[in-house]
Amino acid sequence: MFGKLTWAAIPIDQPIPLVAGAVVLVVILAVIMWVVVKGHLPYLWQEWITSVDHKRIGVMYTLLAMVMLLRGFSDAILMRAQQSVAFQSQGFLPPEHYNQIFSAHGTIMIFFVGMPFVIGLMNLVVPLQLGVRDVAFPTLNSVGFWLTATGALLVNISLVVGEFARTGWLPYPPLSELTYSPGVGVDYYLWSLQISGVGTLVAGINLVTTVLKIRTKGMNYMRMPMFCWTTLASNLLIVAAFPILTATLAMLLLDRYLGFHFFTNEAGGNVMMFMNLIWAWGHPEVYILVLPAFGIFSEVVSTFSGKPLFGYRSMVLATMAICIISFMVWLHHFFTMGAGPTVNAVFGIASMIIAVPTGVKIYNWLFTMFAGRIRFTTPMMWSTGFMVTFAIGGLTGVLLAVPPADFLLHNSLFLVAHFHNVIIGGVLFGAFAGYTYWFPKAFGFRLDERLGMAAFWLWLSGFYLAFVPLYAVGFLGMTRRMQHYDIEVWRPWLMVASIGALLILIAIICQVLQLAVSIRNREALRDTTGDPWDGRSLEWATSSPPPAFNFAFLPDVTGEDAYWAIKRHATLEASEKPRDYQPIEMPRNSPTGFVCAFFATVMGFALIWHIWWMVVAGFIGAFATFVVFAWRDYDEYEIPAEEVARIDRANLAARRELVTAAGGS
Amino acid sequence: MTLTAVAREDPHHLGVLVDVAHEGPAPKRIVTGFGFWIFLLSDIVMFSCFFAAYAVLLGRTAGGPSGAELFNLHSVALETACLLLSSFVCGMASIAADERNHFWFQIAMAVTCVLGLAFLAIEFHEFADLVARGAGPTRSAFLSAFFTLVGCHGLHVSAGILWLLTMMAQVFAKGFRADIERRFLCFALFWHALDIIWVAVFSVVYLIGSAA
């Protein structure tokens, strides 16, 4: 009846996951209770859960990322704590639990923090920057988000029902094969990534189509803000790389479920094929994460330096070059696995070449700042912190790209320090910069600067304290993923790293406080003009938060830095003439995404536990949802012209003063 | 003031590039078709992984039968004929949809469906026969790759048939509405793309496989 699922799946003998799971469950129940008792449920359902508005979906993606950051970070704290006490002892985490923690940490941070954070910001901002009303496929957008949430949910269910993979964040066979991992851990990993992978692919198709086909009048490719370019590059990579992940994980699933022999030791299976396939996806994946961050830094640096981006064309070229070269370096993830000197040399050189366009970008940002009137706001601080940190991470990366050096350093904590250096210093700082920069656009009030600054400095110093020691112990020969160790010289370094992790903990507390304090002081932090930072691109040309339709009239773009030109010319003065308001058609909200995700969760859970009748039920439910969706007769609703006029006039009145002041000077 | 204002419109002196007129968002039909093409490309990337796996594992028969001993090119030729013909008839359905002719649309779709089902029946028969002869997917890595690649295509055809039936029902119930026409455009693209994949399956799996 319930397949492999029995009461034994609940880890009663392990207090840590059980208590953690109980706390999470209580928090979730409390939130649900609060929502229901306060009567917010209809509002949440109508305005958020079923919303197909790209801004709302973007916010929900970002929220998911931040919640999962807390989960992923608690794993990190556990690992740091374990390594600082597990000198010549077992520490407090048994090996099978420790292995699950580092696997879950990597999986969560990449797939459920990094990905939803950047996809959320792209969703929120790109249609606004392109001067249009929505993405290409609004309902599909909602489906994509909810499928990502399904993946995150399944990973978290594994905390209390069953176990998670013990294989590391990439399930290398033969360890991940049924012979060596007979439990459900790897299945949790595989199904949550398959489901959220579909969501990511959907988001990628949607954003590529949006950037290529839905731009306002006059928005040529070479007039697009840099963030739109990096969005395009990143989503092209999603479309080209995520199917590889899907196919690879499907092969592993077939091995595990139906006894196929893709990667097994027996019957001719080929383990190296897994390495090649997974990294053919895995290397582009790091650029999928970091390219949008590069776009965010470009916007932030240009805005707060009060200058157009330096070397726009070279920036576009560098972005697209990274997009292509990122597919040609995958083998550097396994130099030591016997490819031979010639192949290693080719991939080593390719890996060094990819540092060139990245270097171009760094110089472009520096020259954008050069001779600018720089305002050191929180987003700008994240950007400068990024430039320093990322340059160091890039250099250690070039070092690892040298095959002989890699033979010494591979699988050591040096590697761990390197990729945290680029992912925290690049992706996460970028996500935080974007979060602070666009928060007023999404909600109509700014985030508290003082706590933001505190969070930045704590993150920055915490990062260096936590990861520079890991470079050192890497040189001292400490390999990654060690549950305990006997070498005395490593210990002080690991203690320092733990202090760094504690600083980051305080930084995260500051960020939570910052959100709470800002919500409480929102009237004082209110952005009335829609343009709190003196911005240059079109998202600042509408109110904060923007109306459902974004723009009453689609802007007509005549040059780069479209909104800057509008402000300079004070073209909004023309709006004192009566504008000819038209009704606007917008896509209707739909529960399709949520319902699909519900059935996907049921199916995923049933597949993990081999509950076949439930799989069939889930499939029928999902198909029925699609048919019902396809059957509906009205997919759009109309916002009447009077309503558009009312919203637009209020917005114009608020910003006319600002615009004429800038234009008249 | 004027001078700086103009300079700011084109701060990087892109000149001629800026002159290319962009008329604004594309119409829905274009957007939908374009987006679906992007999906098809991603699907082709997924298939290319299975092709690569097949190529890598072709010789890994683990002492079991090889393609030359297993493949029956006659039934594969019949399968190919069914699928290509179904694509032709699907094209006919597109013409009928353009003409808003319900009768011929439903006839053409029904024939497409029958040909698709015939294809699936032959494929199922081939698979059942192989399993009965002890050459199932668990026998060797080569057979795992074979069953996965061909089976993945077969799953796509099955999904296509579900979609096809839904399209027939929709057109029957609601007529040639703009959104249904867009959906049908995507279906037609999907069905033709399965042919492209099949041509590759035929060449790589069956022709090269029978030689190996």
# chains A, B, ... in the order shown; residues from 1 in each chain; ligands from 1

$ interface_residues --of "chain A" --to "chain B" --cutoff "7 Å" --atoms "only C-alpha atoms" --output "mmCIF file with all heavy atoms, in the first residue's frame"
data_model
loop_
_atom_site.group_PDB
_atom_site.id
_atom_site.type_symbol
_atom_site.label_atom_id
_atom_site.label_comp_id
_atom_site.auth_asym_id
_atom_site.auth_seq_id
_atom_site.Cartn_x
_atom_site.Cartn_y
_atom_site.Cartn_z
ATOM 1 N N ALA A 136 6.670 36.582 -21.503
ATOM 2 C CA ALA A 136 6.029 35.981 -22.669
ATOM 3 C C ALA A 136 4.912 35.021 -22.270
ATOM 4 O O ALA A 136 3.849 35.006 -22.886
ATOM 5 C CB ALA A 136 7.072 35.261 -23.517
ATOM 6 N N ILE A 205 12.985 29.194 -20.791
ATOM 7 C CA ILE A 205 12.304 29.396 -22.076
ATOM 8 C C ILE A 205 11.537 30.705 -22.049
ATOM 9 O O ILE A 205 11.579 31.515 -22.978
ATOM 10 C CB ILE A 205 11.345 28.215 -22.347
ATOM 11 C CG1 ILE A 205 12.136 26.933 -22.605
ATOM 12 C CG2 ILE A 205 10.430 28.520 -23.517
ATOM 13 C CD1 ILE A 205 11.284 25.692 -22.643
ATOM 14 N N ASN A 206 10.863 30.936 -20.931
ATOM 15 C CA ASN A 206 10.040 32.131 -20.773
ATOM 16 C C ASN A 206 10.882 33.399 -20.884
ATOM 17 O O ASN A 206 10.547 34.323 -21.620
ATOM 18 C CB ASN A 206 9.382 32.046 -19.391
ATOM 19 C CG ASN A 206 8.189 32.939 -19.280
ATOM 20 O OD1 ASN A 206 7.880 33.693 -20.191
ATOM 21 N ND2 ASN A 206 7.517 32.863 -18.163
ATOM 22 N N THR A 209 12.424 33.979 -24.434
ATOM 23 C CA THR A 209 11.404 34.489 -25.357
ATOM 24 C C THR A 209 11.062 35.939 -25.030
ATOM 25 O O THR A 209 10.869 36.762 -25.931
ATOM 26 C CB THR A 209 10.141 33.616 -25.271
ATOM 27 O OG1 THR A 209 10.531 32.244 -25.328
ATOM 28 C CG2 THR A 209 9.196 33.909 -26.400
ATOM 29 N N LYS A 213 11.680 38.597 -27.841
ATOM 30 C CA LYS A 213 10.461 38.921 -28.603
ATOM 31 C C LYS A 213 9.604 40.011 -27.981
ATOM 32 O O LYS A 213 8.721 40.537 -28.643
ATOM 33 C CB LYS A 213 9.611 37.646 -28.771
ATOM 34 C CG LYS A 213 10.175 36.672 -29.781
ATOM 35 C CD LYS A 213 10.067 37.215 -31.193
ATOM 36 C CE LYS A 213 11.005 36.490 -32.117
ATOM 37 N NZ LYS A 213 11.281 37.242 -33.341
ATOM 38 N N ILE A 214 9.773 40.299 -26.703
ATOM 39 C CA ILE A 214 8.866 41.262 -26.080
ATOM 40 C C ILE A 214 9.654 42.433 -25.519
ATOM 41 O O ILE A 214 10.012 42.452 -24.354
ATOM 42 C CB ILE A 214 8.032 40.585 -24.972
ATOM 43 C CG1 ILE A 214 7.406 39.320 -25.532
ATOM 44 C CG2 ILE A 214 6.966 41.527 -24.448
ATOM 45 C CD1 ILE A 214 6.194 38.846 -24.865
ATOM 46 N N ARG A 215 9.945 43.376 -26.394
ATOM 47 C CA ARG A 215 10.601 44.599 -25.938
ATOM 48 C C ARG A 215 9.779 45.766 -26.432
ATOM 49 O O ARG A 215 9.093 45.667 -27.446
ATOM 50 C CB ARG A 215 12.020 44.670 -26.521
ATOM 51 C CG ARG A 215 12.988 43.747 -25.813
ATOM 52 C CD ARG A 215 14.283 43.614 -26.583
ATOM 53 N NE ARG A 215 14.112 42.733 -27.709
ATOM 54 C CZ ARG A 215 14.470 43.021 -28.960
ATOM 55 N NH1 ARG A 215 15.021 44.178 -29.228
ATOM 56 N NH2 ARG A 215 14.259 42.159 -29.924
ATOM 57 N N THR A 216 9.838 46.880 -25.718
ATOM 58 C CA THR A 216 9.023 48.016 -26.124
ATOM 59 C C THR A 216 9.591 48.641 -27.392
ATOM 60 O O THR A 216 10.710 48.323 -27.822
ATOM 61 C CB THR A 216 8.922 49.045 -24.990
ATOM 62 O OG1 THR A 216 7.947 50.018 -25.338
ATOM 63 C CG2 THR A 216 10.256 49.731 -24.747
ATOM 64 N N LYS A 217 8.810 49.536 -27.961
ATOM 65 C CA LYS A 217 9.200 50.177 -29.211
ATOM 66 C C LYS A 217 10.550 50.890 -29.043
ATOM 67 O O LYS A 217 10.752 51.598 -28.070
ATOM 68 C CB LYS A 217 8.142 51.211 -29.580
ATOM 69 C CG LYS A 217 8.177 51.707 -30.994
ATOM 70 C CD LYS A 217 6.869 52.448 -31.272
ATOM 71 C CE LYS A 217 6.805 53.047 -32.653
ATOM 72 N NZ LYS A 217 7.932 53.831 -33.092
ATOM 73 N N GLY A 218 11.430 50.658 -29.982
ATOM 74 C CA GLY A 218 12.719 51.344 -29.962
ATOM 75 C C GLY A 218 13.759 50.671 -29.081
ATOM 76 O O GLY A 218 14.912 51.087 -29.063
ATOM 77 N N MET A 219 13.366 49.620 -28.340
ATOM 78 C CA MET A 219 14.343 48.945 -27.469
ATOM 79 C C MET A 219 15.125 47.928 -28.307
ATOM 80 O O MET A 219 14.833 46.737 -28.313
ATOM 81 C CB MET A 219 13.615 48.284 -26.291
ATOM 82 C CG MET A 219 14.521 47.568 -25.292
ATOM 83 S SD MET A 219 15.638 48.642 -24.422
ATOM 84 C CE MET A 219 14.630 49.204 -23.045
ATOM 85 N N ASN A 220 16.119 48.438 -29.037
ATOM 86 C CA ASN A 220 16.978 47.541 -29.819
ATOM 87 C C ASN A 220 17.832 46.709 -28.880
ATOM 88 O O ASN A 220 17.983 47.042 -27.714
ATOM 89 C CB ASN A 220 17.920 48.341 -30.709
ATOM 90 C CG ASN A 220 17.165 49.184 -31.687
ATOM 91 O OD1 ASN A 220 16.115 48.767 -32.167
ATOM 92 N ND2 ASN A 220 17.680 50.359 -31.945
ATOM 93 N N MET A 222 20.998 46.661 -28.767
ATOM 94 C CA MET A 222 22.113 47.436 -28.241
ATOM 95 C C MET A 222 21.664 48.599 -27.363
ATOM 96 O O MET A 222 22.465 49.422 -26.946
ATOM 97 C CB MET A 222 23.016 47.937 -29.366
ATOM 98 C CG MET A 222 23.706 46.825 -30.133
ATOM 99 S SD MET A 222 24.504 45.609 -29.081
ATOM 100 C CE MET A 222 26.070 46.399 -28.765
ATOM 101 N N VAL A 239 18.475 26.934 -21.078
ATOM 102 C CA VAL A 239 17.795 26.152 -22.112
ATOM 103 C C VAL A 239 18.740 25.110 -22.704
ATOM 104 O O VAL A 239 18.327 24.003 -23.044
ATOM 105 C CB VAL A 239 17.259 27.100 -23.205
ATOM 106 C CG1 VAL A 239 16.766 26.305 -24.398
ATOM 107 C CG2 VAL A 239 16.135 27.952 -22.651
ATOM 108 N N ALA A 240 20.028 25.452 -22.810
ATOM 109 C CA ALA A 240 20.961 24.512 -23.429
ATOM 110 C C ALA A 240 21.526 23.510 -22.433
ATOM 111 O O ALA A 240 21.918 22.414 -22.816
ATOM 112 C CB ALA A 240 22.099 25.285 -24.095
ATOM 113 N N PRO A 243 18.531 20.587 -19.960
ATOM 114 C CA PRO A 243 18.147 19.273 -20.509
ATOM 115 C C PRO A 243 19.236 18.219 -20.309
ATOM 116 O O PRO A 243 18.912 17.031 -20.171
ATOM 117 C CB PRO A 243 17.937 19.566 -21.990
ATOM 118 C CG PRO A 243 17.641 21.015 -22.060
ATOM 119 C CD PRO A 243 18.411 21.660 -20.955
ATOM 120 N N ILE A 244 20.490 18.639 -20.259
ATOM 121 C CA ILE A 244 21.565 17.663 -20.021
ATOM 122 C C ILE A 244 21.428 17.096 -18.615
ATOM 123 O O ILE A 244 21.569 15.888 -18.395
ATOM 124 C CB ILE A 244 22.958 18.315 -20.196
ATOM 125 C CG1 ILE A 244 23.048 19.029 -21.537
ATOM 126 C CG2 ILE A 244 24.053 17.271 -20.056
ATOM 127 C CD1 ILE A 244 24.373 19.712 -21.775
ATOM 128 N N ALA A 247 18.530 14.656 -18.576
ATOM 129 C CA ALA A 247 18.861 13.378 -19.204
ATOM 130 C C ALA A 247 19.785 12.556 -18.304
ATOM 131 O O ALA A 247 19.581 11.350 -18.113
ATOM 132 C CB ALA A 247 19.522 13.627 -20.555
ATOM 133 N N GLY A 259 17.007 -1.159 -13.018
ATOM 134 C CA GLY A 259 18.142 -2.050 -13.207
ATOM 135 C C GLY A 259 18.878 -1.865 -14.519
ATOM 136 O O GLY A 259 19.492 -2.800 -15.033
ATOM 137 N N PHE A 260 18.834 -0.645 -15.082
ATOM 138 C CA PHE A 260 19.614 -0.380 -16.294
ATOM 139 C C PHE A 260 21.097 -0.328 -15.934
ATOM 140 O O PHE A 260 21.481 -0.371 -14.753
ATOM 141 C CB PHE A 260 19.185 0.950 -16.924
ATOM 142 C CG PHE A 260 17.888 0.867 -17.699
ATOM 143 C CD1 PHE A 260 16.856 0.049 -17.281
ATOM 144 C CD2 PHE A 260 17.698 1.620 -18.845
ATOM 145 C CE1 PHE A 260 15.659 -0.025 -17.990
ATOM 146 C CE2 PHE A 260 16.508 1.547 -19.557
ATOM 147 C CZ PHE A 260 15.490 0.734 -19.131
ATOM 148 N N HIS A 261 21.958 -0.219 -16.964
ATOM 149 C CA HIS A 261 23.400 -0.255 -16.702
ATOM 150 C C HIS A 261 24.147 0.913 -17.326
ATOM 151 O O HIS A 261 25.150 0.719 -17.995
ATOM 152 C CB HIS A 261 23.980 -1.568 -17.216
ATOM 153 C CG HIS A 261 23.506 -2.747 -16.446
ATOM 154 N ND1 HIS A 261 23.923 -3.000 -15.163
ATOM 155 C CD2 HIS A 261 22.623 -3.707 -16.754
ATOM 156 C CE1 HIS A 261 23.320 -4.094 -14.724
ATOM 157 N NE2 HIS A 261 22.520 -4.542 -15.669
ATOM 158 N N PHE A 262 23.636 2.144 -17.120
ATOM 159 C CA PHE A 262 24.366 3.291 -17.669
ATOM 160 C C PHE A 262 25.680 3.504 -16.922
ATOM 161 O O PHE A 262 26.728 3.669 -17.531
ATOM 162 C CB PHE A 262 23.508 4.554 -17.569
ATOM 163 C CG PHE A 262 22.481 4.664 -18.645
ATOM 164 C CD1 PHE A 262 21.143 4.418 -18.374
ATOM 165 C CD2 PHE A 262 22.854 4.989 -19.931
ATOM 166 C CE1 PHE A 262 20.200 4.514 -19.372
ATOM 167 C CE2 PHE A 262 21.914 5.088 -20.940
ATOM 168 C CZ PHE A 262 20.585 4.844 -20.663
ATOM 169 N N ALA A 267 28.077 -5.135 -16.325
ATOM 170 C CA ALA A 267 27.357 -5.188 -17.607
ATOM 171 C C ALA A 267 27.709 -4.038 -18.545
ATOM 172 O O ALA A 267 26.896 -3.626 -19.362
ATOM 173 C CB ALA A 267 25.849 -5.238 -17.372
ATOM 174 N N GLY A 268 28.911 -3.514 -18.413
ATOM 175 C CA GLY A 268 29.373 -2.544 -19.415
ATOM 176 C C GLY A 268 29.040 -1.094 -19.125
ATOM 177 O O GLY A 268 29.237 -0.232 -19.981
ATOM 178 N N GLY A 269 28.518 -0.795 -17.920
ATOM 179 C CA GLY A 269 28.234 0.597 -17.592
ATOM 180 C C GLY A 269 29.500 1.448 -17.583
ATOM 181 O O GLY A 269 30.602 0.933 -17.402
ATOM 182 N N THR A 558 14.522 55.896 -27.230
ATOM 183 C CA THR A 558 15.275 56.543 -28.299
ATOM 184 C C THR A 558 16.779 56.391 -28.121
ATOM 185 O O THR A 558 17.541 56.847 -28.959
ATOM 186 C CB THR A 558 14.958 58.044 -28.355
ATOM 187 O OG1 THR A 558 15.211 58.575 -27.050
ATOM 188 C CG2 THR A 558 13.509 58.276 -28.720
ATOM 189 N N GLY A 559 17.223 55.786 -27.032
ATOM 190 C CA GLY A 559 18.667 55.647 -26.868
ATOM 191 C C GLY A 559 18.985 54.725 -25.720
ATOM 192 O O GLY A 559 18.099 54.129 -25.114
ATOM 193 N N GLU A 560 20.280 54.584 -25.444
ATOM 194 C CA GLU A 560 20.684 53.803 -24.289
ATOM 195 C C GLU A 560 20.280 54.542 -23.016
ATOM 196 O O GLU A 560 20.017 55.737 -23.058
ATOM 197 C CB GLU A 560 22.207 53.699 -24.299
ATOM 198 C CG GLU A 560 22.734 52.322 -24.563
ATOM 199 C CD GLU A 560 24.230 52.402 -24.626
ATOM 200 O OE1 GLU A 560 24.839 52.482 -23.552
ATOM 201 O OE2 GLU A 560 24.761 52.421 -25.742
ATOM 202 N N ALA A 565 17.510 59.391 -20.364
ATOM 203 C CA ALA A 565 17.184 60.298 -21.454
ATOM 204 C C ALA A 565 15.835 60.966 -21.203
ATOM 205 O O ALA A 565 15.684 62.173 -21.390
ATOM 206 C CB ALA A 565 17.165 59.536 -22.775
ATOM 207 N N ARG A 568 16.313 63.641 -18.621
ATOM 208 C CA ARG A 568 17.055 64.788 -19.136
ATOM 209 C C ARG A 568 16.172 65.646 -20.030
ATOM 210 O O ARG A 568 16.219 66.851 -19.990
ATOM 211 C CB ARG A 568 18.275 64.310 -19.931
ATOM 212 C CG ARG A 568 19.390 63.778 -19.082
ATOM 213 C CD ARG A 568 19.999 64.870 -18.227
ATOM 214 N NE ARG A 568 20.235 64.345 -16.894
ATOM 215 C CZ ARG A 568 20.600 65.072 -15.855
ATOM 216 N NH1 ARG A 568 20.778 66.370 -15.980
ATOM 217 N NH2 ARG A 568 20.783 64.524 -14.690
#

$ select_by_dssp --residues "stretch 7-117 of chain B" --states "alpha helix (DSSP H)" --output "ChimeraX atom specification"
/B:7-9,16-19,28-57,67-70,73-98,102-117

$ residues_around --residues "A:Leu460" --least-positions-apart "3" --cutoff "12 Å" --atoms "only C-alpha atoms" --output "PyMOL selection string"
chain A and resi 381-390+421+424-426+428-429+453-457+463-468+500-501+503-508

$ write_last_selection --atoms "C-alpha atoms" --output "CSV table (one decimal), in the first residue's frame"
chain,number,residue,atom,x,y,z
A,381,MET,CA,28.9,48.4,-1.1
A,382,TRP,CA,28.0,44.9,-2.1
A,383,SER,CA,29.3,45.6,-5.6
A,384,THR,CA,32.6,46.9,-4.5
A,385,GLY,CA,32.9,44.1,-2.0
A,386,PHE,CA,32.2,41.7,-4.8
A,387,MET,CA,34.9,43.2,-7.1
A,388,VAL,CA,37.6,42.6,-4.5
A,389,THR,CA,36.4,39.2,-3.4
A,390,PHE,CA,35.6,37.9,-6.8
A,421,ASN,CA,34.9,32.5,-2.9
A,424,ILE,CA,29.4,33.9,-2.2
A,425,GLY,CA,31.5,36.8,-3.5
A,426,GLY,CA,29.9,36.7,-6.9
A,428,LEU,CA,25.3,35.9,-3.3
A,429,PHE,CA,26.7,39.4,-3.0
A,453,MET,CA,25.7,48.3,6.0
A,454,ALA,CA,26.1,46.2,9.2
A,455,ALA,CA,25.0,43.1,7.3
A,456,PHE,CA,27.4,43.9,4.5
A,457,TRP,CA,30.5,44.4,6.7
A,463,PHE,CA,33.4,35.4,4.6
A,464,TYR,CA,37.2,36.1,4.7
A,465,LEU,CA,37.5,34.7,8.2
A,466,ALA,CA,35.6,31.6,7.2
A,467,PHE,CA,37.2,30.8,3.9
A,468,VAL,CA,40.8,32.1,3.9
A,500,GLY,CA,33.8,33.4,10.4
A,501,ALA,CA,30.7,31.3,10.2
A,503,LEU,CA,30.0,36.4,11.9
A,504,ILE,CA,28.0,35.4,8.9
A,505,LEU,CA,25.3,34.2,11.3
A,506,ILE,CA,25.2,37.6,12.9
A,507,ALA,CA,25.1,39.1,9.4
A,508,ILE,CA,22.1,37.0,8.5

$ residues_around --residues "stretch 119-129 of chain B" --least-positions-apart "4" --cutoff "10 Å" --atoms "only C-alpha atoms" --output "number ranges by chain"
B: 70-72, 75-76, 78-84, 86, 113-115, 133-137, 147, 150-151, 154-155, 157-158

$ residues_around --residues "B:His102" --least-positions-apart "6" --cutoff "10 Å" --atoms "only C-alpha atoms" --output "ChimeraX atom specification"
/B:93,96,108,168,171-172,175-176

$ write_last_selection --atoms "all heavy atoms" --output "PDB file, in the first residue's frame"
ATOM      1  N   ALA B  93      -3.738  18.540 -41.654  1.00  0.00           N
ATOM      2  CA  ALA B  93      -4.592  19.099 -40.599  1.00  0.00           C
ATOM      3  C   ALA B  93      -4.313  20.589 -40.426  1.00  0.00           C
ATOM      4  O   ALA B  93      -5.235  21.383 -40.198  1.00  0.00           O
ATOM      5  CB  ALA B  93      -4.364  18.348 -39.285  1.00  0.00           C
ATOM      6  N   ALA B  96      -6.126  22.341 -43.113  1.00  0.00           N
ATOM      7  CA  ALA B  96      -7.563  22.368 -42.809  1.00  0.00           C
ATOM      8  C   ALA B  96      -7.853  23.407 -41.732  1.00  0.00           C
ATOM      9  O   ALA B  96      -8.868  24.107 -41.783  1.00  0.00           O
ATOM     10  CB  ALA B  96      -8.026  20.984 -42.357  1.00  0.00           C
ATOM     11  N   ALA B 108      -8.160  14.488 -40.673  1.00  0.00           N
ATOM     12  CA  ALA B 108      -6.697  14.458 -40.766  1.00  0.00           C
ATOM     13  C   ALA B 108      -6.076  14.147 -39.406  1.00  0.00           C
ATOM     14  O   ALA B 108      -5.128  13.360 -39.304  1.00  0.00           O
ATOM     15  CB  ALA B 108      -6.184  15.790 -41.310  1.00  0.00           C
ATOM     16  N   MET B 168      -8.107  17.685 -30.646  1.00  0.00           N
ATOM     17  CA  MET B 168      -9.325  17.351 -31.393  1.00  0.00           C
ATOM     18  C   MET B 168     -10.556  17.741 -30.587  1.00  0.00           C
ATOM     19  O   MET B 168     -11.495  18.355 -31.112  1.00  0.00           O
ATOM     20  CB  MET B 168      -9.354  15.844 -31.703  1.00  0.00           C
ATOM     21  CG  MET B 168      -8.419  15.441 -32.835  1.00  0.00           C
ATOM     22  SD  MET B 168      -8.331  13.647 -33.019  1.00  0.00           S
ATOM     23  CE  MET B 168      -9.860  13.322 -33.894  1.00  0.00           C
ATOM     24  N   VAL B 171     -10.941  21.616 -30.455  1.00  0.00           N
ATOM     25  CA  VAL B 171     -11.453  22.219 -31.683  1.00  0.00           C
ATOM     26  C   VAL B 171     -12.921  21.856 -31.861  1.00  0.00           C
ATOM     27  O   VAL B 171     -13.745  22.683 -32.266  1.00  0.00           O
ATOM     28  CB  VAL B 171     -10.604  21.774 -32.890  1.00  0.00           C
ATOM     29  CG1 VAL B 171     -11.251  22.210 -34.196  1.00  0.00           C
ATOM     30  CG2 VAL B 171      -9.211  22.353 -32.783  1.00  0.00           C
ATOM     31  N   PHE B 172     -13.263  20.605 -31.499  1.00  0.00           N
ATOM     32  CA  PHE B 172     -14.655  20.174 -31.609  1.00  0.00           C
ATOM     33  C   PHE B 172     -15.542  21.024 -30.703  1.00  0.00           C
ATOM     34  O   PHE B 172     -16.609  21.485 -31.100  1.00  0.00           O
ATOM     35  CB  PHE B 172     -14.767  18.699 -31.224  1.00  0.00           C
ATOM     36  CG  PHE B 172     -16.174  18.185 -31.259  1.00  0.00           C
ATOM     37  CD1 PHE B 172     -16.786  17.915 -32.481  1.00  0.00           C
ATOM     38  CD2 PHE B 172     -16.886  17.997 -30.088  1.00  0.00           C
ATOM     39  CE1 PHE B 172     -18.097  17.455 -32.516  1.00  0.00           C
ATOM     40  CE2 PHE B 172     -18.198  17.545 -30.130  1.00  0.00           C
ATOM     41  CZ  PHE B 172     -18.803  17.271 -31.348  1.00  0.00           C
ATOM     42  N   GLY B 175     -14.087  25.283 -31.416  1.00  0.00           N
ATOM     43  CA  GLY B 175     -13.805  25.847 -32.727  1.00  0.00           C
ATOM     44  C   GLY B 175     -12.406  26.413 -32.830  1.00  0.00           C
ATOM     45  O   GLY B 175     -11.584  26.244 -31.928  1.00  0.00           O
ATOM     46  N   PHE B 176     -12.128  27.080 -33.928  1.00  0.00           N
ATOM     47  CA  PHE B 176     -10.771  27.580 -34.191  1.00  0.00           C
ATOM     48  C   PHE B 176     -10.591  28.940 -33.550  1.00  0.00           C
ATOM     49  O   PHE B 176     -10.548  29.964 -34.222  1.00  0.00           O
ATOM     50  CB  PHE B 176     -10.527  27.642 -35.697  1.00  0.00           C
ATOM     51  CG  PHE B 176     -10.499  26.290 -36.343  1.00  0.00           C
ATOM     52  CD1 PHE B 176     -11.540  25.863 -37.148  1.00  0.00           C
ATOM     53  CD2 PHE B 176      -9.422  25.445 -36.143  1.00  0.00           C
ATOM     54  CE1 PHE B 176     -11.516  24.618 -37.733  1.00  0.00           C
ATOM     55  CE2 PHE B 176      -9.397  24.201 -36.723  1.00  0.00           C
ATOM     56  CZ  PHE B 176     -10.444  23.778 -37.520  1.00  0.00           C
TER      57      PHE B 176
END

$ atom_distance --atom1 "atom CA of A:Ala345" --atom2 "atom CA of A:Pro284"
19.8 Å
